[in-house]
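Contents: one structure, followed by commentary.
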Amino acid sequence: MDFTLKIWRQKDAASRGRFVTYHLEGISPDCSFLEMLDILNDQLVQKGEDPVAFDHDCREGICGACSLYINGRPHGPDDAITTCQLHMRRFRDGDTIVVEPWRAKAFPVIKDLIVDRSAFDKIIQAGGYISVNTGGVPDANTIPIQKEHADIAMDAAACIGCGACVAACKNASAMLFVSAKVSHLSMLPQGKIEAARRVKAMLEEMDRLGFGNCSNTGACEAECPKQISLSHIARLNREYFKAILG
Amino acid sequence: MSSIFTSSVGKKLMMSLAGLFLIVFLLVHLGINLLLILYNSPETYNRAAHFMQTNILIKIIEIVLFGGFFLHMIYGVIVQIENWLSRPKGYRVANYSQTSFFSRFMIHTAAIIFVFLVIHLLDFYFKAKFGEPKLVTYSDGKEMVDFGSMIIAKFHLPGFVIGYILAILFLGFHLLHGFQSAFQTLGLNHKTYTPVVKALGIIYTLVVVSGFTAIPLVIYFD
């Protein structure tokens with residue numbers, strides 16, 4: 001398969017970036033999107049050019065490192081996957097593919113397609129934890145937890161912090177990410193104790209970092225590779241109202 | 001506690017509460033307006049309008065109503081500006097994620113509704129309050145503003161009718177997202193009831209839009 005790639009190139013955070021067009025030929029349909037970028041980079045290195053910088057790590061959809069805004073969608077045209085799980089057979093031979101970094105004030109571009117997502121770490125540092133030593137792995141069912149609550153907590157815990165929610169949201173809001181973390185901990189007995197302090201601290205940090213406000217468009221839910229539901233945002237709001245008024 | 005007015009979730013809470021209040025107000029407004037086409041003479045409408053103008057309880061609620069409009073607009077503008085600032089550089093390829101369609105245009109529909117609201121208030125509310133409106137005296141000797149005849153005259157102007165109906169359509173677009181969004185912001189999201197709320201939002205919007213557009217059409221073609 002042959003492709004024309006329009007890729008955002010930016011030397012460093014301080015430089016002005018621009019789109020650069022590359023042509024790739026003979027790409028296997030079974031090639032993953034990141035492998036296709038590896039092939040491009042190999043060619044660039046052989047020509048003595050600077051390879052395209054992009055984030056990646058596990059390449060099996062669980063680490064949340066790979067980002068990329070591909071043809072108008074975070075993680076490309078498929079639903080519920082990360083970019084490393086996207087394959088070139090999803091495109092048509094001869095397609096032009098536009099690859100951009102996540103765009104948000106809170107996620108500044110470091111180089112090319114890599115953005116600084118440490119804003120998420122700062123939100124977690126503000127309250128996304130429990131302050132007791134949990135020790136080793138406890139025996140199953142030592143703390144009885146209602147099945148429905150365990151399910152909700154588990155669904156929320158699936159968030160890999162990739163930032164696709166922020167990238168997709170027209171307001172660059174981080175509410176789906178924050179809500180997943182708040183939901184995950186507030187549904188479990190260990191997390192309930194600090195729930196009020198946590199939700200206030202995490203939201204305050206989210207606002208301070210310059211993420212936008214949620215306007216319930218649902219783009220985050222549609223683009224989340226782990227299909228985190230908007231119901232978590234409603235729970236976050238409830239937790240916040242409880243913390244403020246309670 | 002003060003963060004309820006300044007935090008992102010707090011600001012949305014204010015917007016949703018004010019929005020829901022305005023949603024209730026619209027139904028009351030529609031109910032009274034429908035009197036114009038349900039009765040042959042504007043007398044019943046005028047009496048209802050007179051009651052709304054003079055009743056002390058309604059006068060107090062009127063202050064709350066203006067407060068609601070103000071809160072909804074001010075917070076709406078603040079939230080929108082913050083949202084624009086949160087992405088200083090946009091994408092080359094516009095996002096086509098599956099979203100609630102009208103949610104993308106809330107500030108645009110809001111701007112149109114605001115212009116309509118200003119014209120609407122100047123045409124009727126302020127004219128009655130501060131201008132020299134046409135008065136009418138009924139058989140029981142009560143003198144009141146003849147709103148009914150003022151509106152009927154306006155609704156015989158084709159340009160006015162078209163502008164009015166267009167504004168109501170944009171109000172409908174705003175409500176289609178706003179209704180269900182208010183519930184989500186209040187934290188009311190439920191597997192069974194959220195689809196019901198969404199359906200109610202569509203029904204409510206259809207009632208409001210068809211009601212408010214029927215009135216000028218019936219009067220114009222009468």
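Identifiers in the structure tokens: chain A, B, ... in order shown; residue index from 1 per chain; ligand index from 1 in order shown.
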
Name the residues in contact with Lys12 of chain B at a cut-off of 9 Å, using only C-alpha atoms, excluding same-chain residues fewer than 4 positions from it; report them as a PDB file with N, CA and C atoms, in the first residue's frame.
ATOM      1  N   ASN A 213     -13.616  23.435  30.392  1.00  0.00           N
ATOM      2  CA  ASN A 213     -14.782  22.980  31.157  1.00  0.00           C
ATOM      3  C   ASN A 213     -15.577  21.959  30.348  1.00  0.00           C
ATOM      4  N   CYS A 214     -16.163  21.010  31.049  1.00  0.00           N
ATOM      5  CA  CYS A 214     -16.950  19.969  30.377  1.00  0.00           C
ATOM      6  C   CYS A 214     -18.274  20.555  29.888  1.00  0.00           C
ATOM      7  N   SER A 215     -18.611  20.311  28.604  1.00  0.00           N
ATOM      8  CA  SER A 215     -19.939  20.736  28.153  1.00  0.00           C
ATOM      9  C   SER A 215     -20.753  19.541  27.659  1.00  0.00           C
TER      10      SER A 215
ATOM     11  N   SER B   7     -15.162  27.093  40.499  1.00  0.00           N
ATOM     12  CA  SER B   7     -14.555  25.897  39.909  1.00  0.00           C
ATOM     13  C   SER B   7     -15.289  25.536  38.618  1.00  0.00           C
ATOM     14  N   SER B   8     -14.647  24.701  37.792  1.00  0.00           N
ATOM     15  CA  SER B   8     -15.273  24.365  36.515  1.00  0.00           C
ATOM     16  C   SER B   8     -16.615  23.656  36.734  1.00  0.00           C
ATOM     17  N   SER B  16     -26.473  25.016  34.822  1.00  0.00           N
ATOM     18  CA  SER B  16     -27.524  24.018  34.650  1.00  0.00           C
ATOM     19  C   SER B  16     -28.751  24.367  35.486  1.00  0.00           C
ATOM     20  N   LEU B  17     -28.531  24.856  36.712  1.00  0.00           N
ATOM     21  CA  LEU B  17     -29.683  25.216  37.553  1.00  0.00           C
ATOM     22  C   LEU B  17     -30.456  26.378  36.920  1.00  0.00           C
ATOM     23  N   TYR B  75     -22.163  33.017  33.088  1.00  0.00           N
ATOM     24  CA  TYR B  75     -21.370  31.804  33.231  1.00  0.00           C
ATOM     25  C   TYR B  75     -21.110  31.149  31.871  1.00  0.00           C
ATOM     26  N   GLY B  76     -22.111  31.220  31.009  1.00  0.00           N
ATOM     27  CA  GLY B  76     -21.943  30.651  29.666  1.00  0.00           C
ATOM     28  C   GLY B  76     -20.786  31.309  28.926  1.00  0.00           C
ATOM     29  N   VAL B  79     -17.357  30.403  30.709  1.00  0.00           N
ATOM     30  CA  VAL B  79     -16.984  29.010  30.415  1.00  0.00           C
ATOM     31  C   VAL B  79     -16.488  28.895  28.969  1.00  0.00           C
ATOM     32  N   ALA B 182     -28.102  19.519  31.292  1.00  0.00           N
ATOM     33  CA  ALA B 182     -28.314  20.034  32.646  1.00  0.00           C
ATOM     34  C   ALA B 182     -28.389  18.885  33.643  1.00  0.00           C
ATOM     35  N   THR B 185     -24.908  17.388  34.204  1.00  0.00           N
ATOM     36  CA  THR B 185     -24.087  18.264  35.048  1.00  0.00           C
ATOM     37  C   THR B 185     -24.482  18.143  36.511  1.00  0.00           C
ATOM     38  N   LEU B 186     -25.781  17.977  36.757  1.00  0.00           N
ATOM     39  CA  LEU B 186     -26.240  17.828  38.149  1.00  0.00           C
ATOM     40  C   LEU B 186     -25.860  16.461  38.719  1.00  0.00           C
TER      41      LEU B 186
END

For chain A, which residues have at least one atom within 8 Å of chain B, if we go by only C-alpha atoms? Write them as a PDB file with N, CA, C and O atoms, in the first residue's frame, please.
ATOM      1  N   ASN A  71      -6.103  11.938  11.124  1.00  0.00           N
ATOM      2  CA  ASN A  71      -7.257  12.294  10.280  1.00  0.00           C
ATOM      3  C   ASN A  71      -8.471  12.733  11.088  1.00  0.00           C
ATOM      4  O   ASN A  71      -9.597  12.287  10.843  1.00  0.00           O
ATOM      5  N   GLY A  72      -8.239  13.585  12.076  1.00  0.00           N
ATOM      6  CA  GLY A  72      -9.359  14.160  12.821  1.00  0.00           C
ATOM      7  C   GLY A  72      -9.849  13.356  13.993  1.00  0.00           C
ATOM      8  O   GLY A  72     -10.880  13.702  14.577  1.00  0.00           O
ATOM      9  N   ARG A  73      -9.146  12.261  14.332  1.00  0.00           N
ATOM     10  CA  ARG A  73      -9.576  11.499  15.516  1.00  0.00           C
ATOM     11  C   ARG A  73      -8.376  11.036  16.335  1.00  0.00           C
ATOM     12  O   ARG A  73      -7.388  10.548  15.768  1.00  0.00           O
ATOM     13  N   VAL A  98      -3.279  12.618   7.736  1.00  0.00           N
ATOM     14  CA  VAL A  98      -2.752  13.784   8.466  1.00  0.00           C
ATOM     15  C   VAL A  98      -2.534  13.377   9.927  1.00  0.00           C
ATOM     16  O   VAL A  98      -3.453  12.886  10.585  1.00  0.00           O
ATOM     17  N   GLU A 100      -1.309  14.613  13.653  1.00  0.00           N
ATOM     18  CA  GLU A 100      -1.059  15.797  14.486  1.00  0.00           C
ATOM     19  C   GLU A 100      -0.841  15.369  15.936  1.00  0.00           C
ATOM     20  O   GLU A 100      -1.291  14.293  16.347  1.00  0.00           O
ATOM     21  N   ARG A 103      -3.695  18.397  20.940  1.00  0.00           N
ATOM     22  CA  ARG A 103      -3.663  19.856  21.064  1.00  0.00           C
ATOM     23  C   ARG A 103      -4.415  20.289  22.316  1.00  0.00           C
ATOM     24  O   ARG A 103      -5.631  20.077  22.419  1.00  0.00           O
ATOM     25  N   ALA A 104      -3.710  20.866  23.249  1.00  0.00           N
ATOM     26  CA  ALA A 104      -4.327  21.438  24.462  1.00  0.00           C
ATOM     27  C   ALA A 104      -3.288  22.320  25.127  1.00  0.00           C
ATOM     28  O   ALA A 104      -2.095  22.027  25.065  1.00  0.00           O
ATOM     29  N   LYS A 105      -3.776  23.388  25.756  1.00  0.00           N
ATOM     30  CA  LYS A 105      -2.862  24.284  26.474  1.00  0.00           C
ATOM     31  C   LYS A 105      -2.089  23.503  27.543  1.00  0.00           C
ATOM     32  O   LYS A 105      -0.899  23.738  27.762  1.00  0.00           O
ATOM     33  N   ALA A 106      -2.791  22.543  28.185  1.00  0.00           N
ATOM     34  CA  ALA A 106      -2.169  21.791  29.278  1.00  0.00           C
ATOM     35  C   ALA A 106      -1.233  20.686  28.774  1.00  0.00           C
ATOM     36  O   ALA A 106      -0.536  20.063  29.567  1.00  0.00           O
ATOM     37  N   ALA A 168      -9.792  14.896  22.131  1.00  0.00           N
ATOM     38  CA  ALA A 168     -11.042  14.862  21.362  1.00  0.00           C
ATOM     39  C   ALA A 168     -11.989  15.983  21.757  1.00  0.00           C
ATOM     40  O   ALA A 168     -12.735  16.492  20.926  1.00  0.00           O
ATOM     41  N   LYS A 170     -13.802  19.318  22.438  1.00  0.00           N
ATOM     42  CA  LYS A 170     -13.670  20.630  21.797  1.00  0.00           C
ATOM     43  C   LYS A 170     -13.209  21.684  22.803  1.00  0.00           C
ATOM     44  O   LYS A 170     -12.743  22.749  22.427  1.00  0.00           O
ATOM     45  N   ASN A 171     -13.342  21.376  24.098  1.00  0.00           N
ATOM     46  CA  ASN A 171     -12.919  22.306  25.143  1.00  0.00           C
ATOM     47  C   ASN A 171     -11.599  21.892  25.789  1.00  0.00           C
ATOM     48  O   ASN A 171     -11.201  22.482  26.782  1.00  0.00           O
ATOM     49  N   ALA A 172     -10.964  20.844  25.257  1.00  0.00           N
ATOM     50  CA  ALA A 172      -9.748  20.286  25.865  1.00  0.00           C
ATOM     51  C   ALA A 172      -9.953  20.068  27.361  1.00  0.00           C
ATOM     52  O   ALA A 172      -9.118  20.435  28.188  1.00  0.00           O
ATOM     53  N   SER A 173     -11.079  19.462  27.706  1.00  0.00           N
ATOM     54  CA  SER A 173     -11.400  19.206  29.107  1.00  0.00           C
ATOM     55  C   SER A 173     -10.854  17.843  29.525  1.00  0.00           C
ATOM     56  O   SER A 173     -10.862  16.893  28.745  1.00  0.00           O
ATOM     57  N   LEU A 203      -9.924  18.359  41.209  1.00  0.00           N
ATOM     58  CA  LEU A 203     -10.601  19.324  40.332  1.00  0.00           C
ATOM     59  C   LEU A 203      -9.893  20.675  40.341  1.00  0.00           C
ATOM     60  O   LEU A 203      -9.748  21.324  39.298  1.00  0.00           O
ATOM     61  N   GLU A 204      -9.451  21.065  41.526  1.00  0.00           N
ATOM     62  CA  GLU A 204      -8.744  22.336  41.651  1.00  0.00           C
ATOM     63  C   GLU A 204      -7.478  22.311  40.788  1.00  0.00           C
ATOM     64  O   GLU A 204      -7.171  23.279  40.085  1.00  0.00           O
ATOM     65  N   ASP A 207      -8.344  22.492  37.052  1.00  0.00           N
ATOM     66  CA  ASP A 207      -8.666  23.863  36.636  1.00  0.00           C
ATOM     67  C   ASP A 207      -7.390  24.705  36.545  1.00  0.00           C
ATOM     68  O   ASP A 207      -7.205  25.471  35.601  1.00  0.00           O
ATOM     69  N   GLY A 210      -5.228  24.528  33.371  1.00  0.00           N
ATOM     70  CA  GLY A 210      -5.709  25.137  32.130  1.00  0.00           C
ATOM     71  C   GLY A 210      -6.510  24.223  31.220  1.00  0.00           C
ATOM     72  O   GLY A 210      -6.666  24.508  30.032  1.00  0.00           O
ATOM     73  N   PHE A 211      -7.020  23.111  31.769  1.00  0.00           N
ATOM     74  CA  PHE A 211      -7.941  22.285  30.969  1.00  0.00           C
ATOM     75  C   PHE A 211      -9.272  23.023  30.871  1.00  0.00           C
ATOM     76  O   PHE A 211      -9.610  23.825  31.747  1.00  0.00           O
ATOM     77  N   GLY A 212     -10.047  22.731  29.835  1.00  0.00           N
ATOM     78  CA  GLY A 212     -11.326  23.421  29.640  1.00  0.00           C
ATOM     79  C   GLY A 212     -12.428  22.847  30.517  1.00  0.00           C
ATOM     80  O   GLY A 212     -12.210  21.908  31.290  1.00  0.00           O
ATOM     81  N   ASN A 213     -13.616  23.435  30.392  1.00  0.00           N
ATOM     82  CA  ASN A 213     -14.782  22.980  31.157  1.00  0.00           C
ATOM     83  C   ASN A 213     -15.577  21.959  30.348  1.00  0.00           C
ATOM     84  O   ASN A 213     -15.680  22.078  29.134  1.00  0.00           O
ATOM     85  N   CYS A 214     -16.163  21.010  31.049  1.00  0.00           N
ATOM     86  CA  CYS A 214     -16.950  19.969  30.377  1.00  0.00           C
ATOM     87  C   CYS A 214     -18.274  20.555  29.888  1.00  0.00           C
ATOM     88  O   CYS A 214     -18.963  21.237  30.626  1.00  0.00           O
ATOM     89  N   SER A 215     -18.611  20.311  28.604  1.00  0.00           N
ATOM     90  CA  SER A 215     -19.939  20.736  28.153  1.00  0.00           C
ATOM     91  C   SER A 215     -20.753  19.541  27.659  1.00  0.00           C
ATOM     92  O   SER A 215     -21.642  19.678  26.833  1.00  0.00           O
ATOM     93  N   ASN A 216     -20.417  18.375  28.191  1.00  0.00           N
ATOM     94  CA  ASN A 216     -21.210  17.156  27.953  1.00  0.00           C
ATOM     95  C   ASN A 216     -21.435  16.840  26.471  1.00  0.00           C
ATOM     96  O   ASN A 216     -22.529  16.430  26.085  1.00  0.00           O
ATOM     97  N   THR A 217     -20.410  17.053  25.649  1.00  0.00           N
ATOM     98  CA  THR A 217     -20.583  16.747  24.225  1.00  0.00           C
ATOM     99  C   THR A 217     -20.482  15.239  23.979  1.00  0.00           C
ATOM    100  O   THR A 217     -21.017  14.738  23.008  1.00  0.00           O
ATOM    101  N   GLY A 218     -19.745  14.550  24.828  1.00  0.00           N
ATOM    102  CA  GLY A 218     -19.605  13.096  24.681  1.00  0.00           C
ATOM    103  C   GLY A 218     -18.466  12.670  23.767  1.00  0.00           C
ATOM    104  O   GLY A 218     -18.288  11.476  23.514  1.00  0.00           O
ATOM    105  N   ALA A 219     -17.666  13.621  23.269  1.00  0.00           N
ATOM    106  CA  ALA A 219     -16.552  13.266  22.368  1.00  0.00           C
ATOM    107  C   ALA A 219     -15.525  12.407  23.104  1.00  0.00           C
ATOM    108  O   ALA A 219     -14.941  11.485  22.515  1.00  0.00           O
ATOM    109  N   ALA A 222     -16.658   8.854  23.243  1.00  0.00           N
ATOM    110  CA  ALA A 222     -16.605   8.252  21.903  1.00  0.00           C
ATOM    111  C   ALA A 222     -15.172   7.878  21.521  1.00  0.00           C
ATOM    112  O   ALA A 222     -14.962   6.923  20.779  1.00  0.00           O
ATOM    113  N   GLU A 223     -14.201   8.624  22.021  1.00  0.00           N
ATOM    114  CA  GLU A 223     -12.815   8.397  21.602  1.00  0.00           C
ATOM    115  C   GLU A 223     -11.977   7.632  22.611  1.00  0.00           C
ATOM    116  O   GLU A 223     -10.822   7.296  22.327  1.00  0.00           O
ATOM    117  N   SER A 231     -20.976   8.421  32.500  1.00  0.00           N
ATOM    118  CA  SER A 231     -21.613   8.293  33.818  1.00  0.00           C
ATOM    119  C   SER A 231     -20.596   8.571  34.925  1.00  0.00           C
ATOM    120  O   SER A 231     -20.969   8.993  36.025  1.00  0.00           O
ATOM    121  N   ILE A 233     -18.402  10.943  34.800  1.00  0.00           N
ATOM    122  CA  ILE A 233     -18.369  12.413  34.964  1.00  0.00           C
ATOM    123  C   ILE A 233     -19.530  12.847  35.866  1.00  0.00           C
ATOM    124  O   ILE A 233     -19.367  13.705  36.733  1.00  0.00           O
ATOM    125  N   ALA A 234     -20.686  12.221  35.676  1.00  0.00           N
ATOM    126  CA  ALA A 234     -21.832  12.538  36.546  1.00  0.00           C
ATOM    127  C   ALA A 234     -21.493  12.175  37.989  1.00  0.00           C
ATOM    128  O   ALA A 234     -21.829  12.925  38.920  1.00  0.00           O
ATOM    129  N   ARG A 235     -20.821  11.040  38.175  1.00  0.00           N
ATOM    130  CA  ARG A 235     -20.449  10.637  39.541  1.00  0.00           C
ATOM    131  C   ARG A 235     -19.446  11.640  40.128  1.00  0.00           C
ATOM    132  O   ARG A 235     -19.538  12.012  41.297  1.00  0.00           O
ATOM    133  N   LEU A 236     -18.494  12.067  39.299  1.00  0.00           N
ATOM    134  CA  LEU A 236     -17.525  13.073  39.762  1.00  0.00           C
ATOM    135  C   LEU A 236     -18.267  14.329  40.239  1.00  0.00           C
ATOM    136  O   LEU A 236     -17.963  14.871  41.300  1.00  0.00           O
ATOM    137  N   ASN A 237     -19.244  14.773  39.452  1.00  0.00           N
ATOM    138  CA  ASN A 237     -20.019  15.956  39.840  1.00  0.00           C
ATOM    139  C   ASN A 237     -20.734  15.725  41.174  1.00  0.00           C
ATOM    140  O   ASN A 237     -20.712  16.580  42.051  1.00  0.00           O
ATOM    141  N   ARG A 238     -21.334  14.545  41.305  1.00  0.00           N
ATOM    142  CA  ARG A 238     -22.038  14.231  42.576  1.00  0.00           C
ATOM    143  C   ARG A 238     -21.050  14.235  43.749  1.00  0.00           C
ATOM    144  O   ARG A 238     -21.337  14.777  44.806  1.00  0.00           O
ATOM    145  N   TYR A 240     -18.348  15.833  43.963  1.00  0.00           N
ATOM    146  CA  TYR A 240     -17.922  17.215  44.213  1.00  0.00           C
ATOM    147  C   TYR A 240     -18.986  17.973  45.012  1.00  0.00           C
ATOM    148  O   TYR A 240     -18.669  18.652  45.985  1.00  0.00           O
ATOM    149  N   ILE A 244     -18.532  19.592  48.714  1.00  0.00           N
ATOM    150  CA  ILE A 244     -18.689  21.028  48.959  1.00  0.00           C
ATOM    151  C   ILE A 244     -19.801  21.294  49.982  1.00  0.00           C
ATOM    152  O   ILE A 244     -19.662  22.115  50.877  1.00  0.00           O
ATOM    153  N   LEU A 245     -20.902  20.570  49.819  1.00  0.00           N
ATOM    154  CA  LEU A 245     -22.077  20.853  50.654  1.00  0.00           C
ATOM    155  C   LEU A 245     -22.110  20.018  51.929  1.00  0.00           C
ATOM    156  O   LEU A 245     -22.738  20.393  52.910  1.00  0.00           O
TER     157      LEU A 245
END

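Between atom CA of Gly136 of chain A and atom CA of Ala180 of chain A the separation is 24.4 Å.
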
Next item on the list: Name the residues in contact with segment 81-91 of chain A at a cut-off of 12 Å, using only C-alpha atoms, excluding same-chain residues fewer than 3 positions from it; report them as a VMD selection string.
Entry: chain A and resid 1 to 4 24 26 to 38 54 to 71 73 to 78 94 to 97 99 159 to 164 222 to 227

How about saving the chosen residues, C-alpha atoms kept, as a short mmCIF file (atom, residue, chain, number, x, y, z; two decimals), in the first residue's frame?
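Writing the result to part_22.cif gives the following:
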data_model
loop_
_atom_site.label_atom_id
_atom_site.label_comp_id
_atom_site.auth_asym_id
_atom_site.auth_seq_id
_atom_site.Cartn_x
_atom_site.Cartn_y
_atom_site.Cartn_z
CA MET A 1 0.00 0.00 0.00
CA ASP A 2 1.14 3.55 -0.74
CA PHE A 3 0.42 6.52 1.50
CA THR A 4 0.96 10.26 1.60
CA LEU A 24 5.63 5.88 1.64
CA GLY A 26 5.00 -0.80 -0.38
CA ILE A 27 3.57 -0.77 3.14
CA SER A 28 1.97 -4.07 4.20
CA PRO A 29 -1.73 -3.84 5.11
CA ASP A 30 -0.89 -5.84 8.24
CA CYS A 31 1.61 -3.23 9.37
CA SER A 32 0.55 -1.37 12.50
CA PHE A 33 0.41 2.42 12.35
CA LEU A 34 3.45 2.73 14.60
CA GLU A 35 5.38 0.18 12.52
CA MET A 36 4.56 2.27 9.47
CA LEU A 37 6.09 5.27 11.28
CA ASP A 38 9.11 3.09 12.17
CA PHE A 54 6.35 10.03 18.62
CA ASP A 55 5.42 8.44 21.96
CA HIS A 56 5.11 4.67 22.27
CA ASP A 57 5.92 1.97 24.77
CA CYS A 58 4.04 -1.30 25.25
CA ARG A 59 2.55 -1.46 21.73
CA GLU A 60 -0.25 -3.69 23.02
CA GLY A 61 -2.85 -1.11 24.03
CA ILE A 62 -2.34 -1.00 27.79
CA CYS A 63 0.26 1.64 28.61
CA GLY A 64 -1.40 4.77 27.18
CA ALA A 65 1.88 6.13 25.81
CA CYS A 66 1.03 6.28 22.11
CA SER A 67 -1.02 9.29 21.20
CA LEU A 68 -1.38 10.81 17.68
CA TYR A 69 -4.39 12.63 16.28
CA ILE A 70 -4.94 10.87 12.96
CA ASN A 71 -7.26 12.29 10.28
CA ARG A 73 -9.58 11.50 15.52
CA PRO A 74 -7.40 10.62 18.50
CA HIS A 75 -5.89 7.15 17.92
CA GLY A 76 -7.23 7.14 14.35
CA PRO A 77 -10.37 5.93 12.65
CA ASP A 78 -11.21 2.85 14.77
CA GLY A 94 -3.21 5.92 -1.81
CA ASP A 95 -4.81 7.66 1.18
CA THR A 96 -3.47 10.91 2.54
CA ILE A 97 -3.11 10.67 6.32
CA VAL A 99 -0.97 13.13 11.77
CA CYS A 159 -8.35 4.35 32.19
CA ILE A 160 -4.76 4.31 30.90
CA GLY A 161 -4.34 8.10 31.08
CA CYS A 162 -3.56 8.43 27.38
CA GLY A 163 -5.20 11.86 27.05
CA ALA A 164 -7.45 11.01 24.08
CA ALA A 222 -16.60 8.25 21.90
CA GLU A 223 -12.81 8.40 21.60
CA CYS A 224 -11.72 6.70 24.83
CA PRO A 225 -9.75 3.56 23.94
CA LYS A 226 -11.02 1.98 27.16
CA GLN A 227 -14.64 3.13 26.64
#

Checklist line | Contact residues around segment 136-140 of chain B with only C-alpha atoms at 10 Å, ignoring same-chain residues under 4 positions, as a ChimeraX atom specification | finding: /B:43,46-47,144-147,149

Keeping only all heavy atoms, write the selected residues to a file as a compact mmCIF listing (two decimals), in the first residue's frame.
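Output file again.txt is given in full below:
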# COMPACT_ATOMS: atom_id res chain seq x y z
N GLU B 43 -58.65 39.29 24.78
CA GLU B 43 -58.98 39.66 26.15
C GLU B 43 -58.39 38.70 27.19
O GLU B 43 -57.76 39.13 28.16
CB GLU B 43 -60.51 39.74 26.34
CG GLU B 43 -60.86 40.20 27.74
CD GLU B 43 -62.36 40.35 27.98
OE1 GLU B 43 -63.10 40.45 26.98
OE2 GLU B 43 -62.76 40.37 29.16
N ASN B 46 -54.74 39.17 27.46
CA ASN B 46 -54.43 40.44 28.14
C ASN B 46 -54.63 40.34 29.64
O ASN B 46 -53.84 40.86 30.43
CB ASN B 46 -55.30 41.56 27.58
CG ASN B 46 -54.76 42.06 26.25
OD1 ASN B 46 -53.59 41.82 25.92
ND2 ASN B 46 -55.61 42.71 25.47
N ARG B 47 -55.68 39.62 30.03
CA ARG B 47 -55.96 39.46 31.47
C ARG B 47 -54.84 38.64 32.13
O ARG B 47 -54.39 38.95 33.23
CB ARG B 47 -57.31 38.79 31.69
CG ARG B 47 -58.47 39.73 31.46
CD ARG B 47 -59.80 39.09 31.85
NE ARG B 47 -60.92 39.96 31.51
CZ ARG B 47 -61.32 40.97 32.28
NH1 ARG B 47 -60.71 41.22 33.42
NH2 ARG B 47 -62.33 41.72 31.91
N MET B 144 -55.99 47.84 31.18
CA MET B 144 -54.72 47.11 31.12
C MET B 144 -54.05 47.31 29.76
O MET B 144 -54.68 47.82 28.83
CB MET B 144 -54.95 45.62 31.38
CG MET B 144 -55.96 44.96 30.47
SD MET B 144 -56.39 43.31 31.03
CE MET B 144 -57.36 43.62 32.49
N VAL B 145 -52.76 46.92 29.70
CA VAL B 145 -52.01 47.05 28.45
C VAL B 145 -52.58 46.05 27.44
O VAL B 145 -52.81 44.89 27.76
CB VAL B 145 -50.50 46.75 28.67
CG1 VAL B 145 -49.72 46.87 27.36
CG2 VAL B 145 -49.94 47.68 29.72
N ASP B 146 -52.77 46.51 26.22
CA ASP B 146 -53.34 45.64 25.18
C ASP B 146 -52.22 44.90 24.45
O ASP B 146 -51.97 45.10 23.27
CB ASP B 146 -54.16 46.48 24.20
CG ASP B 146 -55.03 45.61 23.29
OD1 ASP B 146 -54.99 44.37 23.48
OD2 ASP B 146 -55.70 46.17 22.41
N PHE B 147 -51.54 44.01 25.22
CA PHE B 147 -50.44 43.23 24.63
C PHE B 147 -50.92 42.42 23.43
O PHE B 147 -50.24 42.33 22.40
CB PHE B 147 -49.89 42.24 25.67
CG PHE B 147 -48.88 42.83 26.60
CD1 PHE B 147 -49.15 42.93 27.96
CD2 PHE B 147 -47.66 43.27 26.13
CE1 PHE B 147 -48.23 43.46 28.84
CE2 PHE B 147 -46.72 43.80 27.00
CZ PHE B 147 -47.01 43.90 28.36
N SER B 149 -53.25 42.83 21.15
CA SER B 149 -53.34 43.52 19.86
C SER B 149 -51.97 43.91 19.33
O SER B 149 -51.72 43.87 18.12
CB SER B 149 -54.19 44.79 20.01
OG SER B 149 -55.45 44.41 20.50

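Residues of segment 9-148 of chain A assigned to strand (DSSP E) by DSSP on this structure's backbone: Arg9, Arg18, Phe19, Val20, Thr21, Tyr22, His23, Leu24, Tyr69, Ile70, Arg73, Pro74, Thr96, Ile97, Val98, Val99, Glu100, Val109, Ile110, Lys111, Ile114 and Val115 of chain A.
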
Margin query: I'd like to know which residues of segment 20-186 of chain B are helix (DSSP H, G or I) (by DSSP, run on the backbone); could you write them as JSON, numbers by chain?
Written below: {"B": [20, 21, 22, 23, 24, 25, 26, 27, 28, 29, 30, 31, 32, 33, 34, 35, 36, 37, 38, 43, 44, 45, 46, 47, 48, 49, 50, 51, 52, 53, 54, 56, 57, 58, 59, 60, 61, 62, 63, 64, 65, 66, 67, 68, 69, 70, 71, 72, 73, 74, 75, 76, 77, 78, 79, 80, 81, 82, 83, 84, 85, 101, 102, 103, 104, 105, 106, 107, 108, 109, 110, 111, 112, 113, 114, 115, 116, 117, 118, 119, 120, 121, 122, 123, 124, 125, 126, 127, 128, 129, 130, 147, 148, 149, 150, 151, 152, 153, 154, 158, 159, 160, 161, 162, 163, 164, 165, 166, 167, 168, 169, 170, 171, 172, 173, 174, 175, 176, 177, 178, 179, 180, 181, 182, 183, 184, 185]}

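Closest approach to Pro216 of chain B among B:Tyr39, B:Phe155, B:Tyr193, B:Phe173: B:Phe155, based on only C-alpha atoms.
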
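We find atom CA of His108 of chain B and atom CA of Leu171 of chain B to be spaced 10.7 Å apart.
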
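Coordinates place atom CA of Ile78 of chain B at a distance of 25.2 Å from atom CA of Ala126 of chain A.
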
Notebook entry, point to check: Near His120 of chain B, within 12 Å and counting only C-alpha atoms, which residues show up once chain neighbours fewer than 2 positions away are dropped, as a list in words?
Noted result: Ile113, Phe114, Val115, Phe116, Leu117, Val118, Leu122, Asp123, Phe124, Tyr125, Phe126, Lys127, Ala128, Ile151, Lys154, Phe160, Gly163, Tyr164, Ala167 and Ile168 of chain B
